[in-house]
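> Below is the file coords_11.tsv, with TSV, N, CA and C atoms.
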```
chain	number	residue	atom	x	y	z
V	1280	MET	N	90.21	-14.22	20.17
V	1280	MET	CA	89.86	-14.02	18.78
V	1280	MET	C	89.68	-15.34	18.05
V	1281	LEU	N	90.46	-16.31	18.39
V	1281	LEU	CA	90.35	-17.61	17.76
V	1281	LEU	C	88.99	-18.24	18.05
V	1282	LEU	N	88.50	-18.11	19.26
V	1282	LEU	CA	87.19	-18.64	19.63
V	1282	LEU	C	86.08	-17.95	18.83
V	1283	ARG	N	86.21	-16.66	18.65
V	1283	ARG	CA	85.21	-15.90	17.89
V	1283	ARG	C	85.14	-16.41	16.44
V	1284	ARG	N	86.27	-16.67	15.82
V	1284	ARG	CA	86.29	-17.18	14.44
V	1284	ARG	C	85.69	-18.58	14.37
V	1285	ARG	N	86.00	-19.40	15.35
V	1285	ARG	CA	85.44	-20.75	15.37
V	1285	ARG	C	83.92	-20.70	15.52
V	1286	LEU	N	83.44	-19.86	16.40
V	1286	LEU	CA	81.99	-19.73	16.57
V	1286	LEU	C	81.33	-19.19	15.31
V	1287	LEU	N	81.96	-18.24	14.66
V	1287	LEU	CA	81.43	-17.70	13.41
V	1287	LEU	C	81.40	-18.78	12.33
V	1288	LEU	N	82.48	-19.55	12.24
V	1288	LEU	CA	82.54	-20.64	11.27
V	1288	LEU	C	81.46	-21.69	11.57
V	1289	LEU	N	81.29	-22.01	12.83
V	1289	LEU	CA	80.25	-22.96	13.22
V	1289	LEU	C	78.86	-22.43	12.85
V	1290	PHE	N	78.63	-21.15	13.10
V	1290	PHE	CA	77.37	-20.53	12.76
V	1290	PHE	C	77.11	-20.59	11.26
V	1291	VAL	N	78.12	-20.28	10.47
V	1291	VAL	CA	78.00	-20.32	9.01
V	1291	VAL	C	77.70	-21.73	8.54
V	1292	VAL	N	78.39	-22.73	9.11
V	1292	VAL	CA	78.16	-24.12	8.72
V	1292	VAL	C	76.73	-24.54	9.07
V	1293	VAL	N	76.25	-24.14	10.25
V	1293	VAL	CA	74.88	-24.49	10.66
V	1293	VAL	C	73.87	-23.83	9.73
V	1294	VAL	N	74.06	-22.56	9.44
V	1294	VAL	CA	73.13	-21.85	8.54
V	1294	VAL	C	73.14	-22.49	7.15
V	1295	LEU	N	74.31	-22.80	6.62
V	1295	LEU	CA	74.37	-23.45	5.31
V	1295	LEU	C	73.71	-24.83	5.35
V	1296	GLY	N	73.93	-25.57	6.42
V	1296	GLY	CA	73.29	-26.89	6.56
V	1296	GLY	C	71.78	-26.78	6.57
V	1297	VAL	N	71.27	-25.81	7.32
V	1297	VAL	CA	69.81	-25.60	7.36
V	1297	VAL	C	69.29	-25.20	5.98
V	1298	ALA	N	70.03	-24.35	5.29
V	1298	ALA	CA	69.61	-23.92	3.95
V	1298	ALA	C	69.59	-25.10	2.98
V	1299	VAL	N	70.61	-25.95	3.05
V	1299	VAL	CA	70.66	-27.13	2.17
V	1299	VAL	C	69.51	-28.08	2.49
V	1300	LEU	N	69.29	-28.34	3.77
V	1300	LEU	CA	68.18	-29.22	4.16
V	1300	LEU	C	66.83	-28.63	3.74
V	1301	GLY	N	66.71	-27.31	3.85
V	1301	GLY	CA	65.47	-26.66	3.40
V	1301	GLY	C	65.26	-26.84	1.90
V	1302	GLY	N	66.32	-26.71	1.13
V	1302	GLY	CA	66.22	-26.91	-0.32
V	1302	GLY	C	65.86	-28.34	-0.68
V	1303	VAL	N	66.46	-29.28	0.02
V	1303	VAL	CA	66.14	-30.70	-0.21
V	1303	VAL	C	64.69	-30.98	0.15
V	1304	ALA	N	64.25	-30.45	1.30
V	1304	ALA	CA	62.87	-30.65	1.72
V	1304	ALA	C	61.90	-30.05	0.71
V	1305	ARG	N	62.23	-28.87	0.21
V	1305	ARG	CA	61.36	-28.22	-0.79
V	1305	ARG	C	61.27	-29.07	-2.06
V	1306	ALA	N	62.41	-29.60	-2.51
V	1306	ALA	CA	62.41	-30.44	-3.72
V	1306	ALA	C	61.61	-31.71	-3.49
V	1307	LEU	N	61.73	-32.30	-2.33
V	1307	LEU	CA	60.96	-33.52	-2.03
V	1307	LEU	C	59.47	-33.24	-1.97
V	1308	ILE	N	59.10	-32.13	-1.38
V	1308	ILE	CA	57.68	-31.77	-1.31
V	1308	ILE	C	57.13	-31.51	-2.70
V	1309	ARG	N	57.91	-30.83	-3.53
V	1309	ARG	CA	57.46	-30.56	-4.91
V	1309	ARG	C	57.28	-31.87	-5.68
V	1310	ALA	N	58.22	-32.81	-5.52
V	1310	ALA	CA	58.12	-34.10	-6.20
V	1310	ALA	C	56.89	-34.86	-5.71
V	1311	ARG	N	56.64	-34.81	-4.40
V	1311	ARG	CA	55.45	-35.48	-3.86
V	1311	ARG	C	54.17	-34.88	-4.42
V	1312	ASP	N	54.11	-33.55	-4.48
V	1312	ASP	CA	52.93	-32.88	-5.01
V	1312	ASP	C	52.73	-33.19	-6.49
V	1313	ASP	N	53.82	-33.25	-7.25
V	1313	ASP	CA	53.72	-33.60	-8.67
V	1313	ASP	C	53.21	-35.02	-8.85
V	1314	ALA	N	53.70	-35.93	-8.03
V	1314	ALA	CA	53.25	-37.32	-8.10
V	1314	ALA	C	51.78	-37.43	-7.73
V	1315	ALA	N	51.35	-36.68	-6.73
V	1315	ALA	CA	49.94	-36.70	-6.33
V	1315	ALA	C	49.06	-36.15	-7.44
V	1316	ALA	N	49.50	-35.08	-8.09
V	1316	ALA	CA	48.72	-34.50	-9.19
V	1316	ALA	C	48.64	-35.48	-10.35
V	1317	HIS	N	49.74	-36.15	-10.66
V	1317	HIS	CA	49.73	-37.14	-11.74
V	1317	HIS	C	48.81	-38.30	-11.37
V	1318	GLY	N	48.82	-38.70	-10.11
V	1318	GLY	CA	47.93	-39.77	-9.65
V	1318	GLY	C	46.47	-39.39	-9.82
V	1319	ARG	N	46.13	-38.13	-9.51
V	1319	ARG	CA	44.75	-37.68	-9.70
V	1319	ARG	C	44.38	-37.70	-11.18
V	1320	THR	N	45.31	-37.27	-12.04
V	1320	THR	CA	45.05	-37.27	-13.48
V	1320	THR	C	44.82	-38.70	-13.97
V	1321	VAL	N	45.62	-39.63	-13.52
V	1321	VAL	CA	45.47	-41.03	-13.93
V	1321	VAL	C	44.15	-41.59	-13.41
V	1322	ARG	N	43.79	-41.25	-12.18
V	1322	ARG	CA	42.53	-41.74	-11.61
V	1322	ARG	C	41.33	-41.23	-12.42
V	1323	VAL	N	41.36	-39.95	-12.80
V	1323	VAL	CA	40.28	-39.38	-13.62
V	1323	VAL	C	40.26	-40.07	-14.99
V	1324	ALA	N	41.43	-40.30	-15.56
V	1324	ALA	CA	41.49	-40.97	-16.86
V	1324	ALA	C	40.92	-42.38	-16.77
V	1325	ARG	N	41.21	-43.09	-15.70
V	1325	ARG	CA	40.65	-44.44	-15.53
V	1325	ARG	C	39.13	-44.40	-15.46
V	1326	GLU	N	38.60	-43.41	-14.75
V	1326	GLU	CA	37.14	-43.27	-14.68
V	1326	GLU	C	36.56	-43.01	-16.06
V	1327	HIS	N	37.21	-42.15	-16.83
V	1327	HIS	CA	36.74	-41.86	-18.19
V	1327	HIS	C	36.81	-43.12	-19.07
V	1328	VAL	N	37.89	-43.87	-18.94
V	1328	VAL	CA	38.05	-45.09	-19.75
V	1328	VAL	C	36.95	-46.08	-19.39
V	1329	GLU	N	36.61	-46.19	-18.12
V	1329	GLU	CA	35.52	-47.09	-17.72
V	1329	GLU	C	34.19	-46.63	-18.32
V	1330	ARG	N	33.97	-45.33	-18.35
V	1330	ARG	CA	32.75	-44.81	-18.97
V	1330	ARG	C	32.76	-45.05	-20.48
V	1331	LEU	N	33.93	-44.97	-21.09
V	1331	LEU	CA	34.06	-45.25	-22.52
V	1331	LEU	C	33.73	-46.72	-22.80
V	1332	ARG	N	34.27	-47.61	-21.97
V	1332	ARG	CA	33.98	-49.04	-22.12
V	1332	ARG	C	32.48	-49.30	-21.99
V	1333	ALA	N	31.84	-48.67	-21.01
V	1333	ALA	CA	30.41	-48.85	-20.80
V	1333	ALA	C	29.62	-48.31	-22.00
V	1334	ALA	N	30.07	-47.19	-22.57
V	1334	ALA	CA	29.37	-46.61	-23.72
V	1334	ALA	C	29.45	-47.54	-24.94
V	1335	TYR	N	30.61	-48.16	-25.16
V	1335	TYR	CA	30.71	-49.11	-26.27
V	1335	TYR	C	29.87	-50.35	-25.98
V	1336	SER	N	29.83	-50.77	-24.75
V	1336	SER	CA	29.01	-51.92	-24.38
V	1336	SER	C	27.53	-51.60	-24.59
V	1337	ASP	N	27.12	-50.38	-24.26
V	1337	ASP	CA	25.73	-49.98	-24.48
V	1337	ASP	C	25.39	-50.00	-25.97
V	1338	GLN	N	26.32	-49.57	-26.80
V	1338	GLN	CA	26.08	-49.60	-28.24
V	1338	GLN	C	25.86	-51.05	-28.71
V	1339	GLU	N	26.69	-51.94	-28.22
V	1339	GLU	CA	26.58	-53.34	-28.62
V	1339	GLU	C	25.25	-53.92	-28.14
V	1340	THR	N	24.84	-53.57	-26.94
V	1340	THR	CA	23.57	-54.06	-26.39
V	1340	THR	C	22.40	-53.56	-27.23
V	1341	GLY	N	22.42	-52.28	-27.58
V	1341	GLY	CA	21.35	-51.72	-28.41
V	1341	GLY	C	21.30	-52.36	-29.78
V	1342	GLU	N	22.46	-52.59	-30.38
V	1342	GLU	CA	22.51	-53.22	-31.70
V	1342	GLU	C	21.96	-54.65	-31.63
V	1343	ARG	N	22.39	-55.38	-30.61
V	1343	ARG	CA	21.94	-56.77	-30.47
V	1343	ARG	C	20.43	-56.82	-30.27
V	1344	GLY	N	19.90	-55.93	-29.43
V	1344	GLY	CA	18.45	-55.90	-29.21
V	1344	GLY	C	17.69	-55.59	-30.48
V	1345	PHE	N	18.21	-54.67	-31.28
V	1345	PHE	CA	17.56	-54.32	-32.54
V	1345	PHE	C	17.61	-55.48	-33.53
V	1346	VAL	N	18.77	-56.13	-33.63
V	1346	VAL	CA	18.93	-57.24	-34.57
V	1346	VAL	C	18.01	-58.39	-34.19
V	1347	ILE	N	17.90	-58.67	-32.90
V	1347	ILE	CA	17.07	-59.79	-32.46
V	1347	ILE	C	15.59	-59.50	-32.65
V	1348	SER	N	15.16	-58.29	-32.28
V	1348	SER	CA	13.72	-58.01	-32.28
V	1348	SER	C	13.25	-57.16	-33.45
V	1349	GLY	N	14.13	-56.36	-34.00
V	1349	GLY	CA	13.74	-55.45	-35.08
V	1349	GLY	C	13.05	-54.20	-34.57
V	1350	ALA	N	12.92	-54.06	-33.25
V	1350	ALA	CA	12.25	-52.90	-32.68
V	1350	ALA	C	13.24	-51.74	-32.57
V	1351	GLU	N	12.91	-50.65	-33.27
V	1351	GLU	CA	13.81	-49.51	-33.26
V	1351	GLU	C	13.94	-48.86	-31.89
V	1352	ALA	N	12.95	-49.06	-31.04
V	1352	ALA	CA	13.01	-48.50	-29.68
V	1352	ALA	C	14.21	-49.06	-28.91
V	1353	LEU	N	14.64	-50.27	-29.30
V	1353	LEU	CA	15.77	-50.89	-28.61
V	1353	LEU	C	17.11	-50.32	-29.06
V	1354	LEU	N	17.08	-49.41	-30.04
V	1354	LEU	CA	18.31	-48.76	-30.47
V	1354	LEU	C	18.71	-47.59	-29.56
V	1355	ALA	N	17.87	-47.26	-28.59
V	1355	ALA	CA	18.18	-46.14	-27.69
V	1355	ALA	C	19.54	-46.31	-27.00
V	1356	PRO	N	19.89	-47.49	-26.46
V	1356	PRO	CA	21.22	-47.62	-25.86
V	1356	PRO	C	22.35	-47.42	-26.87
V	1357	TYR	N	22.11	-47.83	-28.11
V	1357	TYR	CA	23.11	-47.65	-29.15
V	1357	TYR	C	23.34	-46.16	-29.40
V	1358	ASN	N	22.26	-45.42	-29.57
V	1358	ASN	CA	22.37	-43.97	-29.83
V	1358	ASN	C	22.95	-43.24	-28.62
V	1359	ASP	N	22.49	-43.60	-27.42
V	1359	ASP	CA	23.05	-42.98	-26.21
V	1359	ASP	C	24.53	-43.29	-26.08
V	1360	GLY	N	24.91	-44.52	-26.39
V	1360	GLY	CA	26.30	-44.93	-26.31
V	1360	GLY	C	27.18	-44.16	-27.28
V	1361	ARG	N	26.68	-43.91	-28.47
V	1361	ARG	CA	27.46	-43.12	-29.45
V	1361	ARG	C	27.70	-41.70	-28.95
V	1362	ARG	N	26.65	-41.09	-28.39
V	1362	ARG	CA	26.81	-39.74	-27.85
V	1362	ARG	C	27.79	-39.73	-26.67
V	1363	GLU	N	27.67	-40.75	-25.82
V	1363	GLU	CA	28.55	-40.84	-24.66
V	1363	GLU	C	30.01	-41.05	-25.08
V	1364	VAL	N	30.23	-41.86	-26.10
V	1364	VAL	CA	31.59	-42.07	-26.60
V	1364	VAL	C	32.19	-40.74	-27.03
V	1365	ASN	N	31.46	-39.98	-27.80
V	1365	ASN	CA	31.97	-38.69	-28.27
V	1365	ASN	C	32.28	-37.76	-27.10
V	1366	ARG	N	31.40	-37.74	-26.11
V	1366	ARG	CA	31.60	-36.87	-24.96
V	1366	ARG	C	32.81	-37.31	-24.13
V	1367	VAL	N	32.92	-38.60	-23.88
V	1367	VAL	CA	34.02	-39.12	-23.05
V	1367	VAL	C	35.36	-38.97	-23.77
V	1368	VAL	N	35.37	-39.15	-25.08
V	1368	VAL	CA	36.62	-38.97	-25.83
V	1368	VAL	C	37.10	-37.52	-25.70
V	1369	ARG	N	36.17	-36.57	-25.80
V	1369	ARG	CA	36.55	-35.16	-25.62
V	1369	ARG	C	37.09	-34.92	-24.21
V	1370	LEU	N	36.42	-35.50	-23.20
V	1370	LEU	CA	36.88	-35.34	-21.81
V	1370	LEU	C	38.27	-35.96	-21.62
V	1371	LEU	N	38.47	-37.14	-22.19
V	1371	LEU	CA	39.77	-37.80	-22.05
V	1371	LEU	C	40.88	-36.96	-22.68
V	1372	ARG	N	40.61	-36.43	-23.85
V	1372	ARG	CA	41.63	-35.62	-24.52
V	1372	ARG	C	41.93	-34.36	-23.71
V	1373	ALA	N	40.92	-33.77	-23.09
V	1373	ALA	CA	41.12	-32.54	-22.33
V	1373	ALA	C	41.77	-32.80	-20.97
V	1374	ASP	N	41.30	-33.83	-20.27
V	1374	ASP	CA	41.74	-34.06	-18.89
V	1374	ASP	C	43.02	-34.87	-18.77
V	1375	SER	N	43.40	-35.59	-19.81
V	1375	SER	CA	44.51	-36.53	-19.70
V	1375	SER	C	45.63	-36.25	-20.68
V	1376	SER	N	45.73	-35.02	-21.14
V	1376	SER	CA	46.72	-34.71	-22.17
V	1376	SER	C	48.16	-34.87	-21.70
V	1377	ASP	N	48.37	-34.84	-20.38
V	1377	ASP	CA	49.75	-34.97	-19.89
V	1377	ASP	C	50.16	-36.42	-19.63
V	1378	ILE	N	49.27	-37.37	-19.92
V	1378	ILE	CA	49.61	-38.79	-19.78
V	1378	ILE	C	50.24	-39.23	-21.09
V	1379	GLU	N	51.45	-39.73	-21.00
V	1379	GLU	CA	52.21	-40.11	-22.20
V	1379	GLU	C	51.50	-41.22	-22.97
V	1380	GLY	N	51.30	-41.01	-24.27
V	1380	GLY	CA	50.74	-42.02	-25.15
V	1380	GLY	C	49.22	-42.10	-25.15
V	1381	ILE	N	48.55	-41.25	-24.37
V	1381	ILE	CA	47.09	-41.36	-24.27
V	1381	ILE	C	46.41	-41.02	-25.59
V	1382	ASP	N	46.92	-40.02	-26.30
V	1382	ASP	CA	46.27	-39.63	-27.55
V	1382	ASP	C	46.34	-40.75	-28.59
V	1383	ALA	N	47.49	-41.38	-28.72
V	1383	ALA	CA	47.64	-42.46	-29.70
V	1383	ALA	C	46.75	-43.65	-29.32
V	1384	ALA	N	46.72	-43.99	-28.05
V	1384	ALA	CA	45.89	-45.11	-27.60
V	1384	ALA	C	44.41	-44.79	-27.82
V	1385	LEU	N	44.02	-43.57	-27.53
V	1385	LEU	CA	42.63	-43.17	-27.72
V	1385	LEU	C	42.26	-43.17	-29.20
V	1386	ASP	N	43.17	-42.75	-30.05
V	1386	ASP	CA	42.92	-42.80	-31.50
V	1386	ASP	C	42.69	-44.23	-31.96
V	1387	ARG	N	43.46	-45.18	-31.41
V	1387	ARG	CA	43.28	-46.59	-31.78
V	1387	ARG	C	41.93	-47.11	-31.31
V	1388	VAL	N	41.52	-46.73	-30.12
V	1388	VAL	CA	40.22	-47.18	-29.60
V	1388	VAL	C	39.08	-46.61	-30.44
V	1389	VAL	N	39.15	-45.33	-30.75
V	1389	VAL	CA	38.11	-44.70	-31.55
V	1389	VAL	C	38.06	-45.32	-32.94
V	1390	ALA	N	39.23	-45.59	-33.53
V	1390	ALA	CA	39.26	-46.22	-34.86
V	1390	ALA	C	38.67	-47.62	-34.81
V	1391	ALA	N	38.95	-48.36	-33.76
V	1391	ALA	CA	38.37	-49.71	-33.61
V	1391	ALA	C	36.86	-49.61	-33.46
V	1392	GLY	N	36.39	-48.62	-32.72
V	1392	GLY	CA	34.94	-48.42	-32.58
V	1392	GLY	C	34.29	-48.09	-33.90
V	1393	GLU	N	34.95	-47.26	-34.68
V	1393	GLU	CA	34.42	-46.92	-36.02
V	1393	GLU	C	34.37	-48.15	-36.92
V	1394	ARG	N	35.44	-48.97	-36.88
V	1394	ARG	CA	35.44	-50.20	-37.69
V	1394	ARG	C	34.30	-51.12	-37.26
V	1395	TRP	N	34.07	-51.23	-35.95
V	1395	TRP	CA	33.00	-52.09	-35.45
V	1395	TRP	C	31.65	-51.57	-35.93
V	1396	ARG	N	31.43	-50.25	-35.87
V	1396	ARG	CA	30.15	-49.70	-36.30
V	1396	ARG	C	29.95	-49.89	-37.80
V	1397	THR	N	31.03	-49.82	-38.55
V	1397	THR	CA	30.94	-49.98	-40.00
V	1397	THR	C	30.60	-51.42	-40.33
```
What do you get writing this file as structure tokens?

Amino acid sequence: MLLRRRLLLLFVVVVLGVAVLGGVARALIRARDDAAAHGRTVRVAREHVERLRAAYSDQETGERGFVISGAEALLAPYNDGRREVNRVVRLLRADSSDIEGIDAALDRVVAAGERWRT
């Protein structure tokens, strides 16, 4: 009878150990998946920020071309850049809302762009 109890106790300890290891493994996998999802969100946000930078640069290029030549046709990059800024800002707000501080930083960038245009 003593052997039977020892074997039962050993079985219970093994089962509990496997259950604990399974729980730890599940938590680690969940943390890895969360980190990967956050990495994808950050990568998308970086792409949007690069497009935003290019859109502001296009506006500056169009303005400079117009100022130098006076040809309104050269304002096309400026107008395209303004539309792109609006589109990218909407995308950034939608796709990157879970990045801490993104809204405040984006508000500062948009305000700086408005000051520059003014």
> Please put the answer as lines of an AutoDock Vina configuration file: centre and edge lengths, in Å with one decimal, of a box along x, y and z that encloses all listed atoms of region 1287-1294 of chain V plus 4 Å on each side.

```
center_x = 77.8
center_y = -21.1
center_z = 10.9
size_x = 17.4
size_y = 14.8
size_z = 15.5
```
> Could you please determine the separation between atom C of Ala1333 (chain V) and atom C of Gly1380 (chain V) in Å, to one decimal place?
20.8 Å
> Would you mind reading off the distance between CA of Ser1376 (chain V) and CA of Arg1305 (chain V), one decimal, in Å?
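Between CA of Ser1376 (chain V) and CA of Arg1305 (chain V) the gap is 26.7 Å.
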> Go through V:Leu1370, V:Asp1337, V:Val1321, V:Ala1390 and flag the residue nearest Leu1354 (chain V), using only N, CA and C atoms for the distances.
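That would be V:Asp1337, the residue with the smallest distance to Leu1354 (chain V).
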> Can you work out which one of V:Val1293, V:Ile1308, V:Leu1331, V:Val1323 has the shortest atom-to-atom distance to Ser1375 (chain V), counting only C-alpha atoms?
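Among the listed residues, the smallest separation from Ser1375 (chain V) belongs to V:Val1323.
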> Using only C-alpha atoms, which residue out of V:Ala1391, V:Ala1324, V:Thr1340, V:Ala1350 lies closest to Val1367 (chain V)?
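Distance minimum relative to Val1367 (chain V) lands on V:Ala1324.
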> Rounded to one decimal place, report the CA of Ala1373 (chain V)-CA of Arg1387 (chain V) distance in Å.
17.1 Å
> Residues within 8 Å of Val1368 (chain V), please, as a ChimeraX atom specification. Count all atoms listed in the file; anything in the same chain fewer than 3 positions from it doesn't count.
/V:1327,1330-1331,1362-1365,1371-1374,1385
> Nearest residue to Arg1322 (chain V) out of V:Ile1347, V:Ile1378, V:Leu1288, V:Leu1282, using only C-alpha atoms?
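Of all the options, V:Ile1378 lies closest to Arg1322 (chain V).
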